[in-house]
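Everything below belongs to target_39.pdb, which stores PDB, C-alpha atoms, pLDDT in the B column.
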```pdb
ATOM      1  CA  MET A 181      87.034 116.977 172.367  1.00 47.00           C
ATOM      2  CA  ALA A 182      84.530 118.092 169.714  1.00 44.00           C
ATOM      3  CA  SER A 183      84.617 121.672 170.975  1.00 51.00           C
ATOM      4  CA  LEU A 184      88.439 121.626 170.958  1.00 41.00           C
ATOM      5  CA  ILE A 185      88.444 120.447 167.330  1.00 41.00           C
ATOM      6  CA  ARG A 186      86.089 123.268 166.393  1.00 46.00           C
ATOM      7  CA  LYS A 187      88.326 125.845 168.088  1.00 48.00           C
ATOM      8  CA  ILE A 188      91.421 124.510 166.330  1.00 39.00           C
ATOM      9  CA  ALA A 189      89.624 124.457 162.973  1.00 41.00           C
ATOM     10  CA  ARG A 190      88.510 128.087 163.357  1.00 45.00           C
ATOM     11  CA  ARG A 191      92.045 129.164 164.245  1.00 48.00           C
ATOM     12  CA  VAL A 192      93.552 127.289 161.301  1.00 42.00           C
ATOM     13  CA  VAL A 193      91.020 128.787 158.907  1.00 44.00           C
ATOM     14  CA  ALA A 194      91.683 132.271 160.241  1.00 45.00           C
ATOM     15  CA  ASP A 195      95.469 131.915 160.093  1.00 48.00           C
ATOM     16  CA  GLU A 196      95.993 129.864 156.959  1.00 49.00           C
ATOM     17  CA  MET A 197      93.253 130.734 154.467  1.00 49.00           C
ATOM     18  CA  PRO A 198      94.360 133.338 151.926  1.00 52.00           C
ATOM     19  CA  LYS A 199      92.766 136.716 152.480  1.00 52.00           C
ATOM     20  CA  GLN A 200      92.474 137.413 148.729  1.00 54.00           C
ATOM     21  CA  GLY A 201      92.600 135.378 145.550  1.00 63.00           C
ATOM     22  CA  GLY A 202      93.104 131.640 145.325  1.00 79.00           C
ATOM     23  CA  PHE A 203      95.064 129.232 147.462  1.00 82.00           C
ATOM     24  CA  PRO A 204      98.831 129.836 147.162  1.00 85.00           C
ATOM     25  CA  GLY A 205     100.491 127.488 144.693  1.00 82.00           C
ATOM     26  CA  ALA A 206      97.238 125.970 143.379  1.00 83.00           C
ATOM     27  CA  SER A 207      96.290 126.431 139.723  1.00 85.00           C
ATOM     28  CA  ASN A 208      92.627 126.448 140.717  1.00 83.00           C
ATOM     29  CA  SER A 209      90.921 126.706 144.099  1.00 83.00           C
ATOM     30  CA  PHE A 210      87.767 127.775 145.911  1.00 78.00           C
ATOM     31  CA  PRO A 211      86.600 128.056 149.537  1.00 83.00           C
ATOM     32  CA  THR A 212      84.355 125.290 150.809  1.00 82.00           C
ATOM     33  CA  TRP A 213      83.193 123.597 154.050  1.00 75.00           C
ATOM     34  CA  ILE A 214      84.295 120.596 156.053  1.00 77.00           C
ATOM     35  CA  THR A 215      81.176 119.070 157.575  1.00 79.00           C
ATOM     36  CA  ALA A 216      80.493 116.290 160.033  1.00 77.00           C
ATOM     37  CA  PHE A 217      79.043 113.077 158.616  1.00 71.00           C
ATOM     38  CA  ASP A 218      75.768 113.248 160.535  1.00 67.00           C
ATOM     39  CA  ASN A 219      73.259 110.389 160.545  1.00 66.00           C
ATOM     40  CA  PRO A 220      75.124 108.260 157.990  1.00 63.00           C
ATOM     41  CA  GLY A 221      72.818 105.249 158.304  1.00 73.00           C
ATOM     42  CA  GLU A 222      73.960 101.846 157.099  1.00 80.00           C
ATOM     43  CA  ALA A 223      77.181 101.539 155.115  1.00 83.00           C
ATOM     44  CA  PRO A 224      76.352 101.635 151.373  1.00 94.00           C
ATOM     45  CA  ARG A 225      77.673  98.138 150.761  1.00 95.00           C
ATOM     46  CA  ARG A 226      76.950  97.946 147.030  1.00 96.00           C
ATOM     47  CA  LEU A 227      78.575 101.325 146.393  1.00 97.00           C
ATOM     48  CA  ILE A 228      81.664 100.395 148.401  1.00 97.00           C
ATOM     49  CA  GLU A 229      82.098  97.062 146.625  1.00 98.00           C
ATOM     50  CA  VAL A 230      81.563  98.537 143.154  1.00 98.00           C
ATOM     51  CA  SER A 231      83.918 101.425 143.930  1.00 98.00           C
ATOM     52  CA  LEU A 232      86.694  99.103 145.045  1.00 98.00           C
ATOM     53  CA  GLU A 233      86.397  97.172 141.783  1.00 98.00           C
ATOM     54  CA  ALA A 234      86.241 100.368 139.714  1.00 98.00           C
ATOM     55  CA  ILE A 235      89.305 101.857 141.402  1.00 98.00           C
ATOM     56  CA  ARG A 236      91.244  98.649 140.771  1.00 98.00           C
ATOM     57  CA  ALA A 237      90.136  98.632 137.129  1.00 98.00           C
ATOM     58  CA  THR A 238      91.100 102.286 136.761  1.00 98.00           C
ATOM     59  CA  LEU A 239      94.542 101.568 138.135  1.00 98.00           C
ATOM     60  CA  ASN A 240      95.258  98.494 136.020  1.00 98.00           C
ATOM     61  CA  GLU A 241      93.091  98.506 132.917  1.00 97.00           C
ATOM     62  CA  VAL A 242      92.302 102.059 131.790  1.00 98.00           C
ATOM     63  CA  SER A 243      94.160 104.113 129.198  1.00 98.00           C
ATOM     64  CA  LEU A 244      92.891 107.338 127.646  1.00 98.00           C
ATOM     65  CA  ASP A 245      95.981 107.982 125.538  1.00 97.00           C
ATOM     66  CA  ASP A 246      94.083 107.768 122.251  1.00 97.00           C
ATOM     67  CA  LEU A 247      91.451 110.284 123.348  1.00 98.00           C
ATOM     68  CA  ALA A 248      94.141 112.572 124.763  1.00 97.00           C
ATOM     69  CA  LYS A 249      95.378 113.104 121.190  1.00 97.00           C
ATOM     70  CA  ARG A 250      92.130 114.802 120.195  1.00 96.00           C
ATOM     71  CA  THR A 251      92.217 118.459 119.218  1.00 95.00           C
ATOM     72  CA  ASN A 252      91.341 120.600 122.267  1.00 96.00           C
ATOM     73  CA  SER A 253      92.005 117.768 124.726  1.00 96.00           C
ATOM     74  CA  PRO A 254      93.420 119.499 127.851  1.00 96.00           C
ATOM     75  CA  ASP A 255      96.631 118.478 129.613  1.00 95.00           C
ATOM     76  CA  TYR A 256      94.720 117.438 132.740  1.00 96.00           C
ATOM     77  CA  PHE A 257      92.524 114.942 130.877  1.00 97.00           C
ATOM     78  CA  THR A 258      94.602 111.877 131.821  1.00 97.00           C
ATOM     79  CA  VAL A 259      95.443 112.988 135.373  1.00 97.00           C
ATOM     80  CA  TRP A 260      94.271 110.464 137.972  1.00 98.00           C
ATOM     81  CA  PRO A 261      93.590 110.778 140.853  1.00 97.00           C
ATOM     82  CA  GLY A 262      92.674 114.456 140.632  1.00 97.00           C
ATOM     83  CA  GLU A 263      90.388 114.281 137.620  1.00 97.00           C
ATOM     84  CA  HIS A 264      87.413 111.960 137.149  1.00 98.00           C
ATOM     85  CA  TYR A 265      87.789 110.792 133.553  1.00 98.00           C
ATOM     86  CA  LYS A 266      89.731 107.597 134.233  1.00 98.00           C
ATOM     87  CA  LEU A 267      87.482 106.767 137.165  1.00 98.00           C
ATOM     88  CA  LEU A 268      84.477 107.037 134.848  1.00 98.00           C
ATOM     89  CA  ALA A 269      86.138 104.446 132.632  1.00 98.00           C
ATOM     90  CA  GLY A 270      86.731 102.207 135.642  1.00 98.00           C
ATOM     91  CA  PHE A 271      83.040 102.250 136.531  1.00 98.00           C
ATOM     92  CA  MET A 272      82.127 101.515 132.920  1.00 98.00           C
ATOM     93  CA  LYS A 273      84.384  98.462 132.905  1.00 98.00           C
ATOM     94  CA  VAL A 274      82.903  97.139 136.136  1.00 98.00           C
ATOM     95  CA  LEU A 275      79.214  97.962 135.647  1.00 98.00           C
ATOM     96  CA  LYS A 276      79.084  97.304 131.873  1.00 98.00           C
ATOM     97  CA  PRO A 277      75.950  99.463 131.520  1.00 98.00           C
ATOM     98  CA  LYS A 278      73.996  99.141 128.279  1.00 97.00           C
ATOM     99  CA  VAL A 279      72.413 102.586 128.699  1.00 98.00           C
ATOM    100  CA  VAL A 280      74.367 105.515 130.138  1.00 98.00           C
ATOM    101  CA  ILE A 281      72.913 108.958 130.807  1.00 98.00           C
ATOM    102  CA  GLU A 282      75.233 111.944 130.941  1.00 98.00           C
ATOM    103  CA  ILE A 283      73.837 115.248 132.143  1.00 98.00           C
ATOM    104  CA  GLY A 284      76.027 118.100 130.942  1.00 98.00           C
ATOM    105  CA  THR A 285      77.779 117.483 127.603  1.00 97.00           C
ATOM    106  CA  ASP A 286      80.017 120.560 127.736  1.00 96.00           C
ATOM    107  CA  THR A 287      83.187 119.895 125.682  1.00 97.00           C
ATOM    108  CA  GLY A 288      82.415 116.198 125.347  1.00 98.00           C
ATOM    109  CA  LEU A 289      85.415 114.790 127.232  1.00 98.00           C
ATOM    110  CA  SER A 290      83.330 112.635 129.555  1.00 98.00           C
ATOM    111  CA  ALA A 291      81.013 111.546 126.746  1.00 98.00           C
ATOM    112  CA  LEU A 292      83.991 110.233 124.787  1.00 98.00           C
ATOM    113  CA  VAL A 293      85.211 108.254 127.793  1.00 98.00           C
ATOM    114  CA  LEU A 294      81.775 106.790 128.433  1.00 98.00           C
ATOM    115  CA  LYS A 295      81.412 105.815 124.789  1.00 98.00           C
ATOM    116  CA  LYS A 296      84.871 104.261 124.533  1.00 98.00           C
ATOM    117  CA  PHE A 297      84.164 101.857 127.389  1.00 98.00           C
ATOM    118  CA  LEU A 298      80.605 100.912 126.455  1.00 98.00           C
ATOM    119  CA  PRO A 299      79.807  97.200 126.259  1.00 97.00           C
ATOM    120  CA  ALA A 300      78.713  95.828 122.892  1.00 96.00           C
ATOM    121  CA  GLY A 301      75.305  97.194 121.953  1.00 96.00           C
ATOM    122  CA  GLY A 302      75.454  99.990 124.519  1.00 97.00           C
ATOM    123  CA  LYS A 303      74.743 103.675 124.064  1.00 98.00           C
ATOM    124  CA  VAL A 304      75.374 107.010 125.761  1.00 98.00           C
ATOM    125  CA  ALA A 305      72.665 109.677 125.800  1.00 98.00           C
ATOM    126  CA  THR A 306      74.123 113.025 126.770  1.00 98.00           C
ATOM    127  CA  PHE A 307      71.800 115.878 127.779  1.00 98.00           C
ATOM    128  CA  ASP A 308      72.508 119.580 127.541  1.00 98.00           C
ATOM    129  CA  LEU A 309      70.882 122.855 126.523  1.00 97.00           C
ATOM    130  CA  ARG A 310      73.634 123.730 124.041  1.00 97.00           C
ATOM    131  CA  PRO A 311      74.363 121.844 120.816  1.00 98.00           C
ATOM    132  CA  TRP A 312      77.833 120.346 121.100  1.00 98.00           C
ATOM    133  CA  LYS A 313      78.978 122.148 117.942  1.00 97.00           C
ATOM    134  CA  THR A 314      78.432 125.543 119.609  1.00 97.00           C
ATOM    135  CA  VAL A 315      80.703 124.794 122.576  1.00 96.00           C
ATOM    136  CA  ASP A 316      84.171 126.333 122.454  1.00 93.00           C
ATOM    137  CA  GLU A 317      86.982 123.777 122.665  1.00 95.00           C
ATOM    138  CA  SER A 318      84.655 120.829 122.060  1.00 97.00           C
ATOM    139  CA  VAL A 319      86.538 117.585 121.446  1.00 98.00           C
ATOM    140  CA  LEU A 320      83.592 115.952 119.666  1.00 98.00           C
ATOM    141  CA  THR A 321      83.240 115.362 115.935  1.00 97.00           C
ATOM    142  CA  ASP A 322      80.385 114.247 113.702  1.00 98.00           C
ATOM    143  CA  ALA A 323      82.053 110.838 113.459  1.00 98.00           C
ATOM    144  CA  ASP A 324      81.494 110.265 117.186  1.00 98.00           C
ATOM    145  CA  PHE A 325      77.730 110.168 116.572  1.00 98.00           C
ATOM    146  CA  ALA A 326      77.746 108.228 113.314  1.00 98.00           C
ATOM    147  CA  ASP A 327      77.374 104.723 114.782  1.00 97.00           C
ATOM    148  CA  GLY A 328      74.445 105.645 117.031  1.00 97.00           C
ATOM    149  CA  GLN A 329      76.241 104.777 120.261  1.00 98.00           C
ATOM    150  CA  LEU A 330      76.397 108.448 121.244  1.00 98.00           C
ATOM    151  CA  GLU A 331      73.465 110.826 120.967  1.00 98.00           C
ATOM    152  CA  GLN A 332      72.834 114.326 122.285  1.00 98.00           C
ATOM    153  CA  HIS A 333      69.463 115.454 123.618  1.00 98.00           C
ATOM    154  CA  LEU A 334      68.810 119.191 123.915  1.00 98.00           C
ATOM    155  CA  VAL A 335      66.388 118.875 126.813  1.00 95.00           C
ATOM    156  CA  ASP A 336      65.992 120.527 130.224  1.00 96.00           C
ATOM    157  CA  LEU A 337      65.266 117.573 132.489  1.00 96.00           C
ATOM    158  CA  ALA A 338      64.272 119.913 135.320  1.00 94.00           C
ATOM    159  CA  GLU A 339      61.089 120.690 133.410  1.00 95.00           C
ATOM    160  CA  PRO A 340      58.406 118.032 134.078  1.00 95.00           C
ATOM    161  CA  GLU A 341      57.069 118.008 130.530  1.00 95.00           C
ATOM    162  CA  HIS A 342      60.560 117.549 129.081  1.00 95.00           C
ATOM    163  CA  PHE A 343      61.350 114.869 131.631  1.00 97.00           C
ATOM    164  CA  GLU A 344      58.207 112.947 130.668  1.00 97.00           C
ATOM    165  CA  LYS A 345      59.269 112.859 127.021  1.00 96.00           C
ATOM    166  CA  SER A 346      62.550 111.248 128.099  1.00 97.00           C
ATOM    167  CA  ARG A 347      61.072 109.000 130.803  1.00 97.00           C
ATOM    168  CA  ALA A 348      61.451 105.721 128.913  1.00 96.00           C
ATOM    169  CA  LEU A 349      65.085 106.449 128.110  1.00 97.00           C
ATOM    170  CA  LEU A 350      65.878 107.500 131.685  1.00 97.00           C
ATOM    171  CA  ALA A 351      64.087 104.438 133.061  1.00 97.00           C
ATOM    172  CA  SER A 352      66.390 102.197 131.000  1.00 97.00           C
ATOM    173  CA  ALA A 353      69.572 103.775 132.370  1.00 98.00           C
ATOM    174  CA  GLU A 354      72.026 101.715 134.415  1.00 98.00           C
ATOM    175  CA  PHE A 355      74.599 104.445 135.025  1.00 98.00           C
ATOM    176  CA  PHE A 356      74.349 108.233 135.273  1.00 98.00           C
ATOM    177  CA  PHE A 357      77.111 110.811 135.172  1.00 98.00           C
ATOM    178  CA  VAL A 358      75.865 114.194 136.388  1.00 98.00           C
ATOM    179  CA  ASP A 359      77.848 117.349 135.702  1.00 97.00           C
ATOM    180  CA  GLY A 360      75.020 119.864 135.507  1.00 95.00           C
ATOM    181  CA  PRO A 361      74.733 123.609 136.145  1.00 95.00           C
ATOM    182  CA  LYS A 362      75.177 123.286 139.945  1.00 94.00           C
ATOM    183  CA  ASN A 363      72.597 125.956 140.645  1.00 94.00           C
ATOM    184  CA  ILE A 364      70.854 123.430 142.948  1.00 93.00           C
ATOM    185  CA  THR A 365      67.455 124.262 141.471  1.00 95.00           C
ATOM    186  CA  PHE A 366      68.214 121.924 138.584  1.00 96.00           C
ATOM    187  CA  GLU A 367      69.806 119.240 140.738  1.00 97.00           C
ATOM    188  CA  LYS A 368      66.895 119.112 143.187  1.00 96.00           C
ATOM    189  CA  ALA A 369      64.353 119.030 140.380  1.00 96.00           C
ATOM    190  CA  LEU A 370      66.255 116.221 138.667  1.00 97.00           C
ATOM    191  CA  MET A 371      66.355 114.056 141.779  1.00 96.00           C
ATOM    192  CA  LYS A 372      62.654 114.703 142.420  1.00 96.00           C
ATOM    193  CA  GLN A 373      61.777 113.613 138.888  1.00 96.00           C
ATOM    194  CA  LEU A 374      64.008 110.532 139.000  1.00 97.00           C
ATOM    195  CA  ALA A 375      62.302 109.458 142.225  1.00 96.00           C
ATOM    196  CA  THR A 376      59.145 108.856 140.187  1.00 96.00           C
ATOM    197  CA  ILE A 377      60.814 106.054 138.192  1.00 96.00           C
ATOM    198  CA  ASN A 378      60.633 102.504 139.504  1.00 92.00           C
ATOM    199  CA  TYR A 379      63.905 100.953 138.413  1.00 92.00           C
ATOM    200  CA  GLN A 380      64.132  97.179 138.221  1.00 84.00           C
ATOM    201  CA  THR A 381      67.800  97.434 139.211  1.00 89.00           C
ATOM    202  CA  PRO A 382      68.749 100.686 140.966  1.00 95.00           C
ATOM    203  CA  PRO A 383      71.183 102.572 138.721  1.00 98.00           C
ATOM    204  CA  ILE A 384      74.327 104.203 140.058  1.00 98.00           C
ATOM    205  CA  MET A 385      74.963 107.915 139.662  1.00 98.00           C
ATOM    206  CA  LEU A 386      78.373 109.551 139.695  1.00 98.00           C
ATOM    207  CA  TRP A 387      78.114 113.235 140.631  1.00 98.00           C
ATOM    208  CA  ASP A 388      80.809 115.759 139.766  1.00 98.00           C
ATOM    209  CA  ASP A 389      81.915 118.812 141.795  1.00 96.00           C
ATOM    210  CA  THR A 390      80.204 117.752 145.020  1.00 96.00           C
ATOM    211  CA  ARG A 391      82.527 119.908 147.122  1.00 94.00           C
ATOM    212  CA  LEU A 392      81.853 123.152 145.323  1.00 94.00           C
ATOM    213  CA  PRO A 393      80.263 125.648 147.735  1.00 92.00           C
ATOM    214  CA  SER A 394      76.966 125.518 145.856  1.00 91.00           C
ATOM    215  CA  MET A 395      76.878 121.700 146.008  1.00 95.00           C
ATOM    216  CA  VAL A 396      77.849 120.935 149.616  1.00 93.00           C
ATOM    217  CA  LYS A 397      74.363 121.361 151.090  1.00 93.00           C
ATOM    218  CA  PHE A 398      72.726 119.504 148.210  1.00 95.00           C
ATOM    219  CA  TRP A 399      75.091 116.549 148.602  1.00 94.00           C
ATOM    220  CA  ARG A 400      74.527 116.391 152.372  1.00 93.00           C
ATOM    221  CA  GLU A 401      70.757 116.356 151.894  1.00 93.00           C
ATOM    222  CA  ILE A 402      70.661 113.414 149.482  1.00 94.00           C
ATOM    223  CA  GLU A 403      68.865 110.683 151.433  1.00 91.00           C
ATOM    224  CA  ARG A 404      69.801 107.741 149.257  1.00 94.00           C
ATOM    225  CA  PRO A 405      72.819 105.445 149.672  1.00 95.00           C
ATOM    226  CA  LYS A 406      75.871 107.548 148.803  1.00 96.00           C
ATOM    227  CA  LEU A 407      79.645 107.515 149.015  1.00 96.00           C
ATOM    228  CA  ASP A 408      82.237 110.271 148.754  1.00 96.00           C
ATOM    229  CA  LEU A 409      84.981 109.316 146.279  1.00 97.00           C
ATOM    230  CA  THR A 410      86.833 112.609 145.979  1.00 97.00           C
ATOM    231  CA  SER A 411      90.233 111.088 146.774  1.00 97.00           C
ATOM    232  CA  PHE A 412      89.828 108.803 143.750  1.00 98.00           C
ATOM    233  CA  GLY A 413      88.009 111.241 141.466  1.00 97.00           C
ATOM    234  CA  HIS A 414      87.807 114.958 140.811  1.00 97.00           C
ATOM    235  CA  TRP A 415      89.626 117.303 143.179  1.00 95.00           C
ATOM    236  CA  SER A 416      86.477 119.474 143.319  1.00 95.00           C
ATOM    237  CA  GLY A 417      84.391 116.578 144.576  1.00 96.00           C
ATOM    238  CA  THR A 418      83.145 113.208 143.324  1.00 98.00           C
ATOM    239  CA  GLY A 419      80.189 111.411 144.847  1.00 97.00           C
ATOM    240  CA  LEU A 420      78.433 108.122 144.146  1.00 98.00           C
ATOM    241  CA  VAL A 421      74.687 107.619 144.672  1.00 97.00           C
ATOM    242  CA  GLU A 422      72.496 104.552 144.307  1.00 97.00           C
ATOM    243  CA  LEU A 423      69.005 105.415 143.024  1.00 95.00           C
ATOM    244  CA  LYS A 424      67.356 103.110 145.499  1.00 88.00           C
TER     245      LYS A 424
END
```

Structure rendered as C-alpha cells:
Amino acid sequence: MASLIRKIARRVVADEMPKQGGFPGASNSFPTWITAFDNPGEAPRRLIEVSLEAIRATLNEVSLDDLAKRTNSPDYFTVWPGEHYKLLAGFMKVLKPKVVIEIGTDTGLSALVLKKFLPAGGKVATFDLRPWKTVDESVLTDADFADGQLEQHLVDLAEPEHFEKSRALLASAEFFFVDGPKNITFEKALMKQLATINYQTPPIMLWDDTRLPSMVKFWREIERPKLDLTSFGHWSGTGLVELK
C-alpha cells in the first residue's frame, strides 16, 4: 500500500503541479514536501490540550478590529484560519504569559497582537536586527513603546555572546513566537542556545512558516514535543514546540 501511495503521489505531482510560476488561482504559493510522520514518540499532551483551548478562544473571544485600523495594516491581518495573528491572541489568552519573546519584529503586526493580549504586568520583548522605524510599512508607533510593555532588542541571538547578554530575559520567557530569517543557520543556533537554559516551567514556542521549503527539514529534526497547527494558523506553516 505504501508503494502504491508513493506512485500515485509522484503521478499527481507530475500531472498537476504548475510547470512555471505559482499555483493557479493562488495569490501566493511555493513548492514544498509532504513527509511521513516518522518516529513521532508520545503524543504531546500538553501541546494538544493548550491548542484546543487556544483555538476555542480564538474562535469565540478574539477580535483584532482595532489593530486592523492601523496605517499599513494589510487586508489579510484578520483572516483566520489562514493567517496566524488571531491564533497568537488565542494562545495569549490561554497561557497568560508574563514575559513573551518575539523573534523577528518585521512590520510589528505580531508584536501588536502579543501586546494587546498581555496579562496585567506583562511585557513583550521583540528581537530583530533592524530598528522598527526603518522597516517599510511598519504598523508600530512610538506610543506602542511608551508604557514599557513592548520593547525592541537589536540583537542577533544566534551569536553566543549576544545570547548570553539576553540570557536572563530569555530564561524568564513563558511564550515564544519565532518568525526569523529561515536560513536554518539561525534557527539551529537559536535552539542550541535555548537548550542551555533550565526553565522552571517549559515555555511554549509558536513557529511561523514551518512548511516553507527551507524550514521542512528543520521542523522534522526538532526532537522536542511538537505539534503541527497549520490548519489553524498560517497557510505557510505553523508549529508548536514545548521547550522541554

> At what distance in Å, to one decimal, does atom CA of A:Arg391 lie from atom CA of A:Lys313?
Replying inline: 29.5 Å

> How many Å separate atom CA of A:Leu409 from atom CA of A:Ser318?
Replying inline: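 A separation of 26.8 Å between them.
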
Matched chain/residue IDs from the PyMOL selection byres ((chain A and resi 275) around 10), as a PDB file with C-alpha atoms, in the frame of the given file:
```
ATOM      1  CA  VAL A 230      81.563  98.537 143.154  1.00 98.00           C
ATOM      2  CA  GLU A 233      86.397  97.172 141.783  1.00 98.00           C
ATOM      3  CA  ALA A 234      86.241 100.368 139.714  1.00 98.00           C
ATOM      4  CA  ALA A 269      86.138 104.446 132.632  1.00 98.00           C
ATOM      5  CA  GLY A 270      86.731 102.207 135.642  1.00 98.00           C
ATOM      6  CA  PHE A 271      83.040 102.250 136.531  1.00 98.00           C
ATOM      7  CA  MET A 272      82.127 101.515 132.920  1.00 98.00           C
ATOM      8  CA  LYS A 273      84.384  98.462 132.905  1.00 98.00           C
ATOM      9  CA  VAL A 274      82.903  97.139 136.136  1.00 98.00           C
ATOM     10  CA  LYS A 276      79.084  97.304 131.873  1.00 98.00           C
ATOM     11  CA  PRO A 277      75.950  99.463 131.520  1.00 98.00           C
ATOM     12  CA  LYS A 278      73.996  99.141 128.279  1.00 97.00           C
ATOM     13  CA  LEU A 298      80.605 100.912 126.455  1.00 98.00           C
ATOM     14  CA  PRO A 299      79.807  97.200 126.259  1.00 97.00           C
ATOM     15  CA  GLU A 354      72.026 101.715 134.415  1.00 98.00           C
ATOM     16  CA  PHE A 355      74.599 104.445 135.025  1.00 98.00           C
ATOM     17  CA  PRO A 383      71.183 102.572 138.721  1.00 98.00           C
ATOM     18  CA  ILE A 384      74.327 104.203 140.058  1.00 98.00           C
TER      19      ILE A 384
END
```

> Which distance in Å separates atom CA of A:Ala326 and atom CA of A:Met385, to one decimal?
Replying inline: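 Separation of atom CA of A:Ala326 and atom CA of A:Met385: 26.5 Å.
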
> Evaluating the PyMOL selection byres ((chain A and resi 247-258) around 12) on the displayed file yields which residues, as number ranges by chain?
Replying inline: A: 207, 238, 242-246, 259-269, 287-297, 315-321, 324, 413-415

Would you kindly return, as a PDB file with C-alpha atoms, in the coordinates of the input, each protein, DNA or RNA residue with an atom no farther than 9 Å from any atom of stretch 399-402 of chain A, considering all atoms listed in the file and excluding same-chain residues fewer than 6 positions away?
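Once everything was written out, this is selection.pdb:
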```
ATOM      1  CA  THR A 215      81.176 119.070 157.575  1.00 79.00           C
ATOM      2  CA  PHE A 217      79.043 113.077 158.616  1.00 71.00           C
ATOM      3  CA  ASP A 218      75.768 113.248 160.535  1.00 67.00           C
ATOM      4  CA  MET A 371      66.355 114.056 141.779  1.00 96.00           C
ATOM      5  CA  THR A 390      80.204 117.752 145.020  1.00 96.00           C
ATOM      6  CA  ARG A 391      82.527 119.908 147.122  1.00 94.00           C
ATOM      7  CA  GLY A 419      80.189 111.411 144.847  1.00 97.00           C
ATOM      8  CA  VAL A 421      74.687 107.619 144.672  1.00 97.00           C
TER       9      VAL A 421
END
```

>> So, with only C-alpha atoms as the atoms that count, which of A:Asp389, A:Glu367, A:Glu422, A:Glu403 lies closest to A:Ile228?
In response: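 Among the listed residues, A:Glu422 lies closest to A:Ile228.
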
> Between A:Pro382, A:Pro204, A:Pro340, A:Gly417, which has the minimum distance to A:Ala369 (counting only C-alpha atoms)?
Replying inline: A:Pro340

Restrict the output to stretch 336-372 of chain A and C-alpha atoms, then write it as a short mmCIF file (atom, residue, chain, number, x, y, z; two decimals), in the first residue's frame.
```cif
data_model
loop_
_atom_site.label_atom_id
_atom_site.label_comp_id
_atom_site.auth_asym_id
_atom_site.auth_seq_id
_atom_site.Cartn_x
_atom_site.Cartn_y
_atom_site.Cartn_z
CA ASP A 336 21.47 38.51 16.96
CA LEU A 337 20.56 35.64 19.27
CA ALA A 338 22.49 33.20 17.08
CA GLU A 339 25.70 34.73 18.38
CA PRO A 340 26.70 33.18 21.74
CA GLU A 341 27.97 36.43 23.24
CA HIS A 342 24.76 38.26 22.32
CA PHE A 343 22.66 35.39 23.62
CA GLU A 344 24.48 35.50 26.96
CA LYS A 345 23.63 39.17 27.40
CA SER A 346 19.95 38.30 26.96
CA ARG A 347 20.04 35.03 28.93
CA ALA A 348 18.15 36.29 31.98
CA LEU A 349 15.38 37.74 29.83
CA LEU A 350 15.09 34.59 27.72
CA ALA A 351 15.09 32.41 30.83
CA SER A 352 12.05 34.32 32.14
CA ALA A 353 10.02 33.75 28.97
CA GLU A 354 6.80 31.73 29.07
CA PHE A 355 5.89 32.04 25.39
CA PHE A 356 7.97 32.48 22.24
CA PHE A 357 6.84 33.48 18.77
CA VAL A 358 9.55 32.76 16.20
CA ASP A 359 9.41 34.32 12.75
CA GLY A 360 13.11 34.57 12.00
CA PRO A 361 15.19 34.63 8.80
CA LYS A 362 14.52 30.94 7.96
CA ASN A 363 18.05 30.40 6.75
CA ILE A 364 18.24 27.42 9.17
CA THR A 365 21.66 28.52 10.42
CA PHE A 366 19.94 30.99 12.73
CA GLU A 367 17.16 28.62 13.74
CA LYS A 368 19.54 25.79 14.65
CA ALA A 369 21.81 28.13 16.58
CA LEU A 370 18.83 29.53 18.48
CA MET A 371 17.57 26.11 19.53
CA LYS A 372 21.08 25.07 20.57
#
```
